[in-house]
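Enquirer: File data_32.tsv below, TSV, C-alpha atoms:
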chain	number	residue	atom	x	y	z
F	1	MET	CA	82.43	212.75	-115.17
F	2	ARG	CA	81.69	211.70	-111.64
F	3	ARG	CA	78.04	211.95	-110.66
F	4	ARG	CA	78.34	213.94	-107.49
F	5	LEU	CA	76.02	216.91	-107.89
F	6	TRP	CA	73.43	214.78	-106.11
F	7	VAL	CA	74.54	216.33	-102.85
F	8	PHE	CA	72.70	219.54	-103.61
F	9	LEU	CA	69.77	218.02	-105.50
F	10	ALA	CA	66.94	215.66	-104.73
F	11	LEU	CA	68.08	212.05	-104.73
F	12	SER	CA	67.50	210.30	-107.99
F	13	ALA	CA	64.86	207.75	-108.84
F	14	VAL	CA	67.56	205.10	-108.52
F	15	LEU	CA	67.40	205.47	-104.74
F	16	LEU	CA	63.64	205.05	-104.75
F	17	ALA	CA	64.00	201.92	-106.80
F	18	ALA	CA	66.73	200.62	-104.49
F	19	CYS	CA	64.42	200.91	-101.50
F	20	GLY	CA	61.55	199.28	-103.36
F	21	ASP	CA	63.44	196.42	-104.98
F	22	ASP	CA	64.21	194.73	-101.66
F	23	GLY	CA	61.90	191.75	-101.62
F	24	GLY	CA	62.28	191.16	-97.89
F	25	GLY	CA	61.58	193.41	-94.97
F	26	GLY	CA	58.54	194.03	-92.93
F	27	GLY	CA	56.90	197.26	-91.89
F	28	GLY	CA	56.89	198.93	-95.30
F	29	GLY	CA	53.40	197.80	-96.27
F	30	ASP	CA	52.90	196.38	-99.78
F	31	GLY	CA	56.48	196.87	-101.00
F	32	GLY	CA	57.50	198.62	-104.22
F	33	ALA	CA	59.00	202.11	-104.54
F	34	THR	CA	57.09	203.34	-101.49
F	35	GLY	CA	58.42	200.64	-99.16
F	36	GLY	CA	59.64	203.25	-96.68
F	37	GLU	CA	56.39	205.21	-96.66
F	38	GLY	CA	55.54	206.42	-93.17
F	39	LEU	CA	58.75	205.22	-91.51
F	40	ILE	CA	60.29	207.50	-88.88
F	41	VAL	CA	64.06	207.66	-88.46
F	42	GLY	CA	65.33	209.30	-85.29
F	43	ILE	CA	68.77	210.94	-85.23
F	44	SER	CA	70.55	211.55	-81.94
F	45	TRP	CA	73.45	213.96	-82.47
F	46	ASN	CA	75.94	214.37	-79.67
F	47	ASN	CA	76.20	218.00	-80.80
F	48	TYR	CA	76.08	220.18	-83.89
F	49	ALA	CA	79.34	221.97	-83.08
F	50	GLN	CA	81.34	220.30	-85.86
F	51	PRO	CA	80.40	222.15	-89.07
F	52	ARG	CA	80.01	219.02	-91.16
F	53	TRP	CA	77.08	217.58	-89.20
F	54	ALA	CA	74.71	220.42	-90.12
F	55	LYS	CA	76.33	221.12	-93.49
F	56	ALA	CA	76.37	217.62	-94.92
F	57	ASP	CA	75.64	214.56	-92.79
F	58	GLY	CA	72.24	215.68	-91.52
F	59	PRO	CA	70.84	216.96	-94.83
F	60	ALA	CA	72.05	213.85	-96.66
F	61	ILE	CA	70.41	211.52	-94.15
F	62	ILE	CA	67.15	213.45	-94.39
F	63	GLU	CA	67.17	213.42	-98.20
F	64	ALA	CA	67.72	209.67	-98.31
F	65	VAL	CA	64.96	208.91	-95.80
F	66	GLU	CA	62.48	211.30	-97.38
F	67	ALA	CA	63.25	209.91	-100.84
F	68	ALA	CA	62.08	206.54	-99.51
F	69	GLY	CA	58.87	208.08	-98.17
F	70	GLY	CA	59.92	208.37	-94.53
F	71	SER	CA	60.53	211.26	-92.17
F	72	VAL	CA	63.25	212.27	-89.71
F	73	ILE	CA	63.24	213.53	-86.12
F	74	GLU	CA	66.51	215.05	-84.86
F	75	THR	CA	67.82	215.78	-81.35
F	76	ASP	CA	70.98	217.58	-80.20
F	77	ALA	CA	72.52	216.52	-76.87
F	78	ASN	CA	74.84	219.53	-76.72
F	79	ASP	CA	77.79	217.33	-75.70
F	80	SER	CA	76.00	215.79	-72.72
F	81	SER	CA	75.91	212.01	-72.34
F	82	GLU	CA	73.01	212.32	-69.91
F	83	GLN	CA	71.04	214.44	-72.37
F	84	GLN	CA	71.76	211.99	-75.16
F	85	LEU	CA	70.23	209.16	-73.13
F	86	ALA	CA	67.15	211.31	-72.59
F	87	ASP	CA	67.08	212.19	-76.28
F	88	VAL	CA	67.05	208.53	-77.30
F	89	ASP	CA	64.22	207.88	-74.84
F	90	SER	CA	62.32	210.74	-76.49
F	91	LEU	CA	62.92	209.40	-80.00
F	92	ILE	CA	61.66	205.98	-78.95
F	93	ALA	CA	58.57	207.55	-77.38
F	94	GLN	CA	57.92	209.50	-80.58
F	95	GLY	CA	57.69	206.28	-82.56
F	96	ALA	CA	61.08	206.03	-84.27
F	97	ASP	CA	61.32	202.92	-86.44
F	98	ALA	CA	65.14	203.17	-86.60
F	99	LEU	CA	67.75	205.22	-84.74
F	100	ILE	CA	70.95	206.82	-86.00
F	101	ILE	CA	73.20	207.72	-83.07
F	102	LEU	CA	76.34	209.87	-83.14
F	103	ALA	CA	77.49	208.91	-79.66
F	104	LYS	CA	79.07	211.38	-77.27
F	105	ASP	CA	80.49	208.50	-75.25
F	106	ALA	CA	80.70	204.97	-76.60
F	107	ALA	CA	80.17	203.40	-73.17
F	108	ALA	CA	77.58	205.81	-71.79
F	109	ILE	CA	75.26	205.28	-74.77
F	110	LEU	CA	74.97	201.50	-74.24
F	111	PRO	CA	71.84	201.59	-72.01
F	112	ALA	CA	70.03	203.57	-74.72
F	113	VAL	CA	71.01	201.01	-77.36
F	114	GLN	CA	69.79	198.19	-75.12
F	115	LYS	CA	66.49	199.98	-74.57
F	116	ALA	CA	66.03	200.45	-78.31
F	117	THR	CA	66.90	196.82	-78.99
F	118	GLU	CA	64.39	195.62	-76.41
F	119	ALA	CA	61.78	197.77	-78.15
F	120	GLY	CA	62.64	196.16	-81.51
F	121	ILE	CA	64.15	199.38	-82.92
F	122	PRO	CA	67.32	198.94	-85.01
F	123	VAL	CA	70.28	201.20	-84.20
F	124	ILE	CA	73.04	202.63	-86.38
F	125	GLY	CA	76.27	203.79	-84.75
F	126	TYR	CA	77.02	206.76	-86.97
F	127	ASP	CA	80.70	207.55	-87.62
F	128	ARG	CA	81.54	206.56	-84.03
F	129	LEU	CA	81.67	202.98	-82.89
F	130	ILE	CA	79.13	201.64	-80.41
F	131	GLU	CA	80.32	198.41	-78.78
F	132	ASP	CA	77.10	196.47	-79.19
F	133	THR	CA	76.43	193.72	-81.71
F	134	ASN	CA	72.95	195.12	-82.31
F	135	ALA	CA	74.31	198.48	-83.51
F	136	PHE	CA	75.14	198.63	-87.23
F	137	TYR	CA	78.36	200.64	-87.72
F	138	ILE	CA	78.63	203.17	-90.56
F	139	THR	CA	81.87	205.09	-90.78
F	140	PHE	CA	84.96	205.91	-92.75
F	141	ASN	CA	88.16	203.90	-92.48
F	142	ASN	CA	89.49	205.86	-89.53
F	143	GLU	CA	92.73	203.93	-89.25
F	144	GLN	CA	93.37	204.83	-92.87
F	145	VAL	CA	92.69	208.49	-92.03
F	146	GLY	CA	95.44	208.30	-89.39
F	147	THR	CA	97.76	206.58	-91.83
F	148	ILE	CA	97.18	209.27	-94.45
F	149	MET	CA	97.91	212.03	-91.93
F	150	ALA	CA	101.16	210.44	-90.81
F	151	GLU	CA	102.30	209.61	-94.33
F	152	GLU	CA	101.64	213.13	-95.58
F	153	VAL	CA	103.50	214.82	-92.75
F	154	THR	CA	106.44	212.41	-92.56
F	155	ALA	CA	107.00	212.87	-96.28
F	156	VAL	CA	107.64	216.55	-95.55
F	157	VAL	CA	109.29	216.24	-92.13
F	158	PRO	CA	110.97	212.81	-91.84
F	159	GLU	CA	112.65	213.62	-88.52
F	160	GLY	CA	112.34	216.06	-85.63
F	161	ASN	CA	110.01	216.90	-82.76
F	162	TYR	CA	106.37	215.95	-83.30
F	163	ALA	CA	103.24	216.87	-81.37
F	164	ILE	CA	100.11	214.72	-81.60
F	165	VAL	CA	96.75	216.22	-80.68
F	166	LYS	CA	94.26	213.40	-80.25
F	167	GLY	CA	90.48	213.62	-80.05
F	168	HIS	CA	88.12	212.83	-77.20
F	169	SER	CA	89.32	209.91	-75.07
F	170	ALA	CA	85.83	208.35	-74.89
F	171	ASP	CA	85.49	208.37	-78.69
F	172	PRO	CA	87.00	205.18	-80.18
F	173	ASN	CA	87.86	207.12	-83.34
F	174	ALA	CA	90.66	208.91	-81.49
F	175	ASP	CA	92.45	205.62	-80.92
F	176	PHE	CA	91.64	204.26	-84.39
F	177	LEU	CA	93.30	207.35	-85.87
F	178	ARG	CA	96.30	207.06	-83.56
F	179	GLY	CA	96.75	203.39	-84.39
F	180	GLY	CA	96.70	204.18	-88.09
F	181	MET	CA	99.53	206.69	-87.67
F	182	GLN	CA	101.97	204.37	-85.95
F	183	PRO	CA	103.37	202.36	-88.89
F	184	ALA	CA	104.31	205.53	-90.76
F	185	LEU	CA	105.87	207.00	-87.63
F	186	ASP	CA	107.78	203.78	-86.94
F	187	ALA	CA	109.28	204.00	-90.41
F	188	HIS	CA	111.07	207.23	-89.39
F	189	PRO	CA	113.26	206.58	-86.32
F	190	GLY	CA	114.41	210.21	-86.31
F	191	ILE	CA	110.98	211.35	-85.13
F	192	THR	CA	110.53	212.15	-81.44
F	193	ILE	CA	107.02	212.64	-80.08
F	194	VAL	CA	107.47	215.37	-77.48
F	195	CYS	CA	103.79	216.11	-76.81
F	196	GLU	CA	100.76	213.84	-77.07
F	197	ASP	CA	97.41	213.95	-75.34
F	198	TYR	CA	93.66	213.54	-75.76
F	199	ASN	CA	91.43	216.58	-76.23
F	200	ASP	CA	88.03	216.58	-74.52
F	201	ASP	CA	85.22	217.14	-77.03
F	202	TRP	CA	87.67	217.64	-79.94
F	203	ALA	CA	87.50	221.32	-78.97
F	204	THR	CA	89.38	224.11	-80.75
F	205	GLU	CA	90.12	226.03	-77.57
F	206	ASN	CA	91.51	222.93	-75.84
F	207	ALA	CA	93.80	222.26	-78.78
F	208	ARG	CA	95.03	225.86	-78.64
F	209	ALA	CA	95.86	225.48	-74.94
F	210	MET	CA	97.56	222.14	-75.50
F	211	MET	CA	99.68	223.55	-78.32
F	212	ASP	CA	100.58	226.67	-76.35
F	213	ALA	CA	101.82	224.45	-73.53
F	214	CYS	CA	103.71	222.15	-75.89
F	215	LEU	CA	105.50	225.05	-77.55
F	216	ALA	CA	106.44	226.59	-74.20
F	217	ALA	CA	107.75	223.27	-72.88
F	218	ASN	CA	109.94	222.75	-75.95
F	219	ASN	CA	111.23	226.29	-76.57
F	220	ASN	CA	109.05	226.44	-79.70
F	221	GLU	CA	111.12	223.62	-81.20
F	222	ILE	CA	108.23	221.73	-82.78
F	223	ASP	CA	108.75	220.48	-86.33
F	224	ALA	CA	105.34	218.96	-87.13
F	225	VAL	CA	101.89	218.55	-85.59
F	226	ILE	CA	99.48	215.70	-86.26
F	227	SER	CA	96.06	217.01	-85.27
F	228	GLU	CA	93.31	214.43	-85.54
F	229	ASN	CA	90.72	216.82	-86.95
F	230	ASP	CA	90.28	220.25	-88.50
F	231	SER	CA	88.60	222.02	-85.59
F	232	MET	CA	91.57	221.13	-83.39
F	233	ALA	CA	93.93	222.16	-86.20
F	234	THR	CA	92.35	225.62	-85.98
F	235	GLY	CA	93.61	225.91	-82.40
F	236	VAL	CA	96.98	224.42	-83.28
F	237	VAL	CA	97.59	226.87	-86.12
F	238	ALA	CA	96.53	229.79	-83.90
F	239	ALA	CA	99.14	228.73	-81.33
F	240	LEU	CA	101.80	228.37	-84.01
F	241	ASP	CA	100.88	231.75	-85.46
F	242	ALA	CA	101.33	233.37	-82.06
F	243	VAL	CA	105.02	232.39	-82.08
F	244	GLY	CA	105.63	233.00	-85.77
F	245	LEU	CA	105.58	229.35	-86.87
F	246	ALA	CA	102.30	229.14	-88.82
F	247	GLY	CA	103.10	228.02	-92.35
F	248	THR	CA	106.50	226.70	-91.26
F	249	VAL	CA	105.34	223.78	-89.14
F	250	PRO	CA	103.11	221.36	-91.10
F	251	VAL	CA	99.76	220.55	-89.48
F	252	THR	CA	97.26	217.82	-90.34
F	253	GLY	CA	93.51	217.55	-89.88
F	254	GLN	CA	90.42	215.82	-91.20
F	255	ASP	CA	86.82	216.63	-92.18
F	256	GLY	CA	87.35	219.16	-94.99
F	257	ASP	CA	86.05	222.05	-92.88
F	258	ASP	CA	85.93	225.39	-94.73
F	259	PRO	CA	88.62	227.09	-92.60
F	260	ALA	CA	90.91	224.08	-92.94
F	261	LEU	CA	90.62	224.00	-96.73
F	262	ASN	CA	91.43	227.71	-96.77
F	263	ARG	CA	94.47	226.99	-94.58
F	264	VAL	CA	95.60	224.32	-97.03
F	265	ALA	CA	95.50	226.93	-99.79
F	266	LEU	CA	97.25	229.47	-97.56
F	267	GLY	CA	99.94	226.95	-96.65
F	268	THR	CA	99.29	226.89	-92.90
F	269	GLN	CA	97.79	223.37	-92.95
F	270	LEU	CA	99.42	220.57	-94.90
F	271	VAL	CA	96.42	218.27	-95.38
F	272	SER	CA	92.77	217.86	-94.47
F	273	VAL	CA	91.64	214.27	-94.90
F	274	TRP	CA	88.22	214.68	-96.46
F	275	LYS	CA	85.51	212.22	-95.58
F	276	ASP	CA	82.63	212.71	-97.98
F	277	ALA	CA	79.97	213.32	-95.37
F	278	PHE	CA	77.24	213.54	-97.99
F	279	ALA	CA	78.05	209.96	-99.01
F	280	LEU	CA	78.16	208.83	-95.37
F	281	GLY	CA	74.84	210.48	-94.63
F	282	GLN	CA	73.19	209.00	-97.70
F	283	THR	CA	74.45	205.56	-96.72
F	284	ALA	CA	73.10	205.92	-93.17
F	285	GLY	CA	69.73	207.15	-94.39
F	286	GLU	CA	69.30	204.26	-96.81
F	287	VAL	CA	70.53	201.70	-94.29
F	288	ALA	CA	68.14	203.07	-91.66
F	289	VAL	CA	65.25	202.54	-94.07
F	290	GLN	CA	66.41	198.99	-94.82
F	291	LEU	CA	66.69	198.12	-91.14
F	292	ALA	CA	63.33	199.71	-90.32
F	293	GLU	CA	61.75	197.58	-93.03
F	294	GLY	CA	63.13	194.44	-91.40
F	295	VAL	CA	66.27	193.76	-93.44
F	296	ALA	CA	68.71	191.69	-91.37
F	297	LEU	CA	72.00	193.31	-90.34
F	298	ALA	CA	73.96	190.84	-92.45
F	299	ASP	CA	71.89	191.63	-95.54
F	300	VAL	CA	72.28	195.41	-95.52
F	301	THR	CA	73.79	196.94	-98.66
F	302	ALA	CA	75.43	200.25	-99.48
F	303	PRO	CA	73.71	202.57	-101.99
F	304	ASP	CA	74.30	201.43	-105.56
F	305	ASP	CA	75.59	204.83	-106.69
F	306	LEU	CA	78.17	205.01	-103.90
F	307	GLN	CA	79.99	201.74	-104.47
F	308	ASP	CA	83.16	203.61	-105.46
F	309	HIS	CA	83.20	205.15	-101.95
F	310	VAL	CA	83.18	201.86	-100.11
F	311	ALA	CA	86.56	200.75	-98.85
F	312	PRO	CA	87.83	197.79	-100.94
F	313	GLU	CA	88.51	195.67	-97.86
F	314	ALA	CA	84.91	196.15	-96.73
F	315	GLY	CA	83.10	195.36	-99.95
F	316	VAL	CA	79.70	196.68	-100.91
F	317	ASP	CA	77.55	194.62	-98.56
F	318	ALA	CA	77.65	194.65	-94.77
F	319	GLN	CA	80.87	193.22	-93.40
F	320	LEU	CA	81.87	192.16	-89.91
F	321	PHE	CA	84.08	194.62	-88.04
F	322	THR	CA	85.91	193.44	-84.92
F	323	THR	CA	85.78	196.11	-82.24
F	324	PRO	CA	88.54	196.89	-79.73
F	325	GLY	CA	86.41	195.06	-77.18
F	326	GLY	CA	86.42	191.91	-79.30
F	327	LEU	CA	82.84	192.11	-80.58
F	328	ASP	CA	81.90	191.52	-84.20
F	329	VAL	CA	79.53	194.19	-85.48
F	330	TYR	CA	78.15	194.58	-88.98
F	331	SER	CA	79.45	197.63	-90.80
F	332	ILE	CA	79.85	199.58	-93.99
F	333	VAL	CA	83.15	201.46	-94.25
F	334	LEU	CA	83.81	204.29	-96.71
F	335	LYS	CA	87.10	205.59	-98.07
F	336	PRO	CA	88.72	208.92	-97.05
F	337	THR	CA	90.51	211.31	-99.45
F	338	PRO	CA	93.51	213.49	-98.53
F	339	ILE	CA	93.12	217.09	-99.70
F	340	THR	CA	96.40	218.93	-100.26
F	341	LEU	CA	97.56	221.74	-102.51
F	342	ASP	CA	97.94	219.16	-105.28
F	343	ASN	CA	94.23	218.29	-105.46
F	344	ILE	CA	92.40	221.04	-103.59
F	345	ASN	CA	90.37	221.73	-106.73
F	346	LEU	CA	88.57	218.41	-106.10
F	347	VAL	CA	86.46	219.70	-103.23
F	348	VAL	CA	85.53	222.79	-105.25
F	349	ASP	CA	84.70	220.80	-108.40
F	350	LEU	CA	82.45	218.45	-106.41
F	351	GLY	CA	80.55	221.26	-104.73
F	352	TRP	CA	81.78	220.65	-101.19
F	353	VAL	CA	83.15	224.19	-100.81
F	354	THR	CA	83.23	227.33	-102.94
F	355	GLN	CA	86.32	228.71	-104.61
F	356	ASP	CA	85.86	231.99	-102.72
F	357	ILE	CA	86.14	230.20	-99.38
F	358	VAL	CA	89.18	228.18	-100.41
F	359	CYS	CA	90.99	231.17	-101.90
F	360	ALA	CA	90.23	233.82	-99.26
F	361	GLY	CA	93.44	235.73	-98.59
F	362	VAL	CA	95.51	233.60	-100.97
F	363	SER	CA	98.00	235.57	-103.05
F	364	ALA	CA	97.28	235.45	-106.77
F	365	GLY	CA	99.45	232.98	-108.61
F	366	THR	CA	100.43	230.91	-105.57
F	367	VAL	CA	97.67	228.30	-105.93
F	368	GLU	CA	96.38	227.26	-109.35
F	369	ILE	CA	92.70	227.19	-108.41
F	370	CYS	CA	92.96	230.67	-106.90
F	371	GLY	CA	94.22	232.30	-110.13
Turn this file's structure into structure tokens for me.
Expert:
Amino acid sequence: MRRRLWVFLALSAVLLAACGDDGGGGGGGDGGATGGEGLIVGISWNNYAQPRWAKADGPAIIEAVEAAGGSVIETDANDSSEQQLADVDSLIAQGADALIILAKDAAAILPAVQKATEAGIPVIGYDRLIEDTNAFYITFNNEQVGTIMAEEVTAVVPEGNYAIVKGHSADPNADFLRGGMQPALDAHPGITIVCEDYNDDWATENARAMMDACLAANNNEIDAVISENDSMATGVVAALDAVGLAGTVPVTGQDGDDPALNRVALGTQLVSVWKDAFALGQTAGEVAVQLAEGVALADVTAPDDLQDHVAPEAGVDAQLFTTPGGLDVYSIVLKPTPITLDNINLVVDLGWVTQDIVCAGVSAGTVEICG
């Protein structure tokens, strides 16, 4: 049985040992299981609007840092690049020994990373790439997420009119996802992409407006929609529902948001590519402690109990990742999991979401887990 109940419990003694067994590293005092004692990890969130940040990523980071004897300071930039720069300044001033940054804008955040580097403070680019060799990159395999989306939807609709709703243009993940889709789309020459655009801030309301416009421009003749995340899929499905197409046109998403998992059970969303945010958060928390203690970027390791999450091509230890800008940054990359009707029980069994949430409004007998 997979050991995954850790997400709702205190981290095990294994994590404490992992932090203490590292023979190298500086600022942790006399070493041992309390090597992270007194360390401060600052987290700069671009916003808390995506449900997973507050539900999973943040708590998991905090648990990992506190298990090592450290503490966490969090800031929320409320989707403002200017505020995020000020937030990082504040975290530095408050004595952060390591920074975890979920960047609003990959370019706009660079001065903050430089300032942290000059102050000797290690930086983690969390789930979104920062084009700086000093920023350790922790993420999921986002190209694989895009591939999964495209493969799932083309298996159901191998030809016809497609709409693609991409994420924020300043977030490199939007293009990683789009690049991952292309091979699967290329394999189906009968597919025509009739609508495709970026969506500022990955916002639900923007996705709704984009989908409304796409439907109107194509006389509602849309056969499939690849939405790059679940919050945008919410807007897409609302637009489809308004013209009587919800449940007929397959829609993709990612993140395993509660409403999206319910839509999978209801049949209005084909797939939500789940990225185990608890695992990502735990990894970032442990890596932040390692870096704060003086572990070199190249020597960083993933948590021992999460090795089955690490993408095979990345390995367990830090690996070099070549950015779109041609830089080599050290990274740890985790594997995503597609959630469909065939395996929707997985997210319930692992404690990510409750059965009541998944099965809300689902007719008895139509989905096995819903009775």
Enquirer: So that I can check the surroundings of Ala54 in chain F, please list as a PyMOL selection string every protein, DNA and RNA residue that reaches within 12 Å of it, counting only C-alpha atoms and ignoring chain neighbours fewer than 5 positions away.
Expert: chain F and resi 45+47-49+59-62+74+76+257+277-278+281
Enquirer: At most 12 Å is the cut-off: for each residue in range 23-131 of chain F with any atom that close to an atom of range 333-341 of chain F, write down the nearest atom pair and the distance in Å rounded to one decimal, counting only C-alpha atoms, chain first then increasing number, as a Markdown table.
Expert:
| residue | atom | partner | partner_atom | distance |
| --- | --- | --- | --- | --- |
| F:Gly125 | CA | F:Val333 | CA | 12.0 |
| F:Tyr126 | CA | F:Val333 | CA | 10.9 |
| F:Asp127 | CA | F:Val333 | CA | 9.3 |
| F:Arg128 | CA | F:Val333 | CA | 11.5 |
| F:Leu129 | CA | F:Val333 | CA | 11.6 |
Enquirer: Rounded to one decimal in Å, what is the spacing between CA of Asp132 in chain F and CA of Ser331 in chain F?
Expert: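 Taking CA of Asp132 in chain F as the start and CA of Ser331 in chain F as the end point, the length is 11.9 Å.
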Enquirer: In terms of the shortest atom-to-atom distance over all atoms listed in the file, which of F:Leu110, F:Val271, F:Ile73, F:Leu85 is closest to Asp97 in chain F?
Expert: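 For Asp97 in chain F, the nearest of the candidates is F:Ile73.
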Enquirer: Find the residue from F:Ala213, F:Ala77, F:Ala246, F:Val353 that sits nearest to Ala163 in chain F; use all atoms listed in the file when measuring.
Expert: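 Selected residue with least distance to Ala163 in chain F: F:Ala213.
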Enquirer: How many Å lie between CA of Leu102 in chain F and CA of Ala239 in chain F, rounded to one decimal?
Expert: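 Answer for the CA of Leu102 in chain F to CA of Ala239 in chain F separation: 29.6 Å.
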Enquirer: With 9 Å as the cut-off and all atoms listed in the file counted, what is the closest atom pair between each nearby residue of range 183-275 of chain F and range 137-161 of chain F? Distances in Å to one decimal, ordered by chain and number, as CSV.
Expert:
residue,atom,partner,partner_atom,distance
F:Pro183,CA,F:Thr147,CA,7.6
F:Ala184,CA,F:Glu151,CA,5.8
F:Leu185,CA,F:Ala150,CA,6.6
F:His188,CA,F:Pro158,CA,6.1
F:Pro189,CA,F:Glu159,CA,7.4
F:Gly190,CA,F:Glu159,CA,4.4
F:Ile191,CA,F:Glu159,CA,4.4
F:Thr192,CA,F:Asn161,CA,5.0
F:Ile193,CA,F:Asn161,CA,5.9
F:Val194,CA,F:Asn161,CA,6.1
F:Cys195,CA,F:Asn161,CA,8.6
F:Asn218,CA,F:Asn161,CA,9.0
F:Glu221,CA,F:Asn161,CA,7.0
F:Ile222,CA,F:Asn161,CA,5.1
F:Asp223,CA,F:Asn161,CA,5.2
F:Ala224,CA,F:Asn161,CA,6.7
F:Val225,CA,F:Val153,CA,8.2
F:Ile226,CA,F:Met149,CA,6.9
F:Ser227,CA,F:Met149,CA,8.5
F:Glu228,CA,F:Gly146,CA,7.5
F:Pro250,CA,F:Val153,CA,6.8
F:Val251,CA,F:Val153,CA,7.6
F:Thr252,CA,F:Met149,CA,6.0
F:Gly253,CA,F:Met149,CA,7.4
F:Gln254,CA,F:Val145,CA,7.7
F:Leu270,CA,F:Val153,CA,7.4
F:Val271,CA,F:Met149,CA,7.3
F:Ser272,CA,F:Met149,CA,8.2
F:Val273,CA,F:Val145,CA,6.5
F:Trp274,CA,F:Val145,CA,8.8
F:Lys275,CA,F:Phe140,CA,6.9
Enquirer: How would the residues just chosen look if you wrote them out with C-alpha atoms as a compact mmCIF listing (two decimals), in the coordinates of the input?
Expert:
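So the final result, stored in out-v7.txt, reads:
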# COMPACT_ATOMS: atom_id res chain seq x y z
CA PRO F 183 103.37 202.36 -88.89
CA ALA F 184 104.31 205.53 -90.76
CA LEU F 185 105.87 207.00 -87.63
CA HIS F 188 111.07 207.23 -89.39
CA PRO F 189 113.26 206.58 -86.32
CA GLY F 190 114.41 210.21 -86.31
CA ILE F 191 110.98 211.35 -85.13
CA THR F 192 110.53 212.15 -81.44
CA ILE F 193 107.02 212.64 -80.08
CA VAL F 194 107.47 215.37 -77.48
CA CYS F 195 103.79 216.11 -76.81
CA ASN F 218 109.94 222.75 -75.95
CA GLU F 221 111.12 223.62 -81.20
CA ILE F 222 108.23 221.73 -82.78
CA ASP F 223 108.75 220.48 -86.33
CA ALA F 224 105.34 218.96 -87.13
CA VAL F 225 101.89 218.55 -85.59
CA ILE F 226 99.48 215.70 -86.26
CA SER F 227 96.06 217.01 -85.27
CA GLU F 228 93.31 214.43 -85.54
CA PRO F 250 103.11 221.36 -91.10
CA VAL F 251 99.76 220.55 -89.48
CA THR F 252 97.26 217.82 -90.34
CA GLY F 253 93.51 217.55 -89.88
CA GLN F 254 90.42 215.82 -91.20
CA LEU F 270 99.42 220.57 -94.90
CA VAL F 271 96.42 218.27 -95.38
CA SER F 272 92.77 217.86 -94.47
CA VAL F 273 91.64 214.27 -94.90
CA TRP F 274 88.22 214.68 -96.46
CA LYS F 275 85.51 212.22 -95.58
Enquirer: Find the residues near Arg208 in chain F: any atom within 6 Å, counting all atoms listed in the file, skip ones fewer than 2 places away on the same chain, and give them as a PyMOL selection string.
Expert: chain F and resi 205-206+210-211+235-236+239
Enquirer: Could you list, as a list in words, every residue within 8 Å of Ile369 in chain F, counting only C-alpha atoms and ignoring same-chain residues fewer than 5 positions away?
Expert: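 Returned residues: Ile344, Asn345, Gln355 and Cys359 of chain F.
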Enquirer: Find the distance between CA of Glu368 in chain F and CA of Pro51 in chain F and write it in Å to one decimal.
Expert: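 Calculated distance between CA of Glu368 in chain F and CA of Pro51 in chain F is 26.3 Å.
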Enquirer: Which residue out of F:Pro324, F:Gly70, F:Pro172, F:Gly95 has the minimum interatomic distance to Glu37 in chain F when all atoms listed in the file are used?
Expert: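 When distances to Glu37 in chain F are compared using all atoms listed in the file, the smallest one comes from F:Gly70.
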Enquirer: Hey, which of F:Asp328, F:Asp212, F:Asp197, F:Glu63 ends up closest to Ala242 in chain F? Count only C-alpha atoms.
Expert: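 With only C-alpha atoms as the atom set, the closest residue is F:Asp212.
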Enquirer: Do you know which residues are at most 10 Å from Gly361 in chain F counting all atoms listed in the file, after dropping those on the same chain fewer than 2 positions away, and could you put them as a PyMOL selection string?
Expert: chain F and resi 262-263+265-266+356-359+363-364+370
Enquirer: Which one is closest to Leu291 in chain F: F:Asn134, F:Gln319, F:Gln182, F:Ser80? Count all atoms listed in the file.
Expert: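 Among the listed residues, F:Asn134 lies closest to Leu291 in chain F.
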Enquirer: With the input short on atoms, add N, CA and C atoms back to range 243-251 of chain F and write it as an mmCIF file, in the coordinates of the input.
Expert:
data_model
loop_
_atom_site.group_PDB
_atom_site.id
_atom_site.type_symbol
_atom_site.label_atom_id
_atom_site.label_comp_id
_atom_site.auth_asym_id
_atom_site.auth_seq_id
_atom_site.Cartn_x
_atom_site.Cartn_y
_atom_site.Cartn_z
ATOM 1 N N VAL F 243 103.560 232.398 -82.254
ATOM 2 C CA VAL F 243 105.020 232.390 -82.080
ATOM 3 C C VAL F 243 105.748 232.434 -83.424
ATOM 4 N N GLY F 244 105.001 232.801 -84.463
ATOM 5 C CA GLY F 244 105.630 233.000 -85.770
ATOM 6 C C GLY F 244 105.945 231.736 -86.542
ATOM 7 N N LEU F 245 105.271 230.623 -86.211
ATOM 8 C CA LEU F 245 105.580 229.350 -86.870
ATOM 9 C C LEU F 245 104.484 228.849 -87.811
ATOM 10 N N ALA F 246 103.362 229.569 -87.909
ATOM 11 C CA ALA F 246 102.300 229.140 -88.820
ATOM 12 C C ALA F 246 102.818 229.189 -90.257
ATOM 13 N N GLY F 247 102.610 228.097 -90.978
ATOM 14 C CA GLY F 247 103.100 228.020 -92.350
ATOM 15 C C GLY F 247 104.482 227.418 -92.449
ATOM 16 N N THR F 248 105.167 227.330 -91.312
ATOM 17 C CA THR F 248 106.500 226.700 -91.260
ATOM 18 C C THR F 248 106.397 225.282 -90.735
ATOM 19 N N VAL F 249 105.555 225.101 -89.731
ATOM 20 C CA VAL F 249 105.340 223.780 -89.140
ATOM 21 C C VAL F 249 104.119 223.139 -89.797
ATOM 22 N N PRO F 250 104.275 221.996 -90.470
ATOM 23 C CA PRO F 250 103.110 221.360 -91.100
ATOM 24 C C PRO F 250 102.130 220.819 -90.071
ATOM 25 N N VAL F 251 100.837 220.963 -90.379
ATOM 26 C CA VAL F 251 99.760 220.550 -89.480
ATOM 27 C C VAL F 251 98.764 219.716 -90.276
#
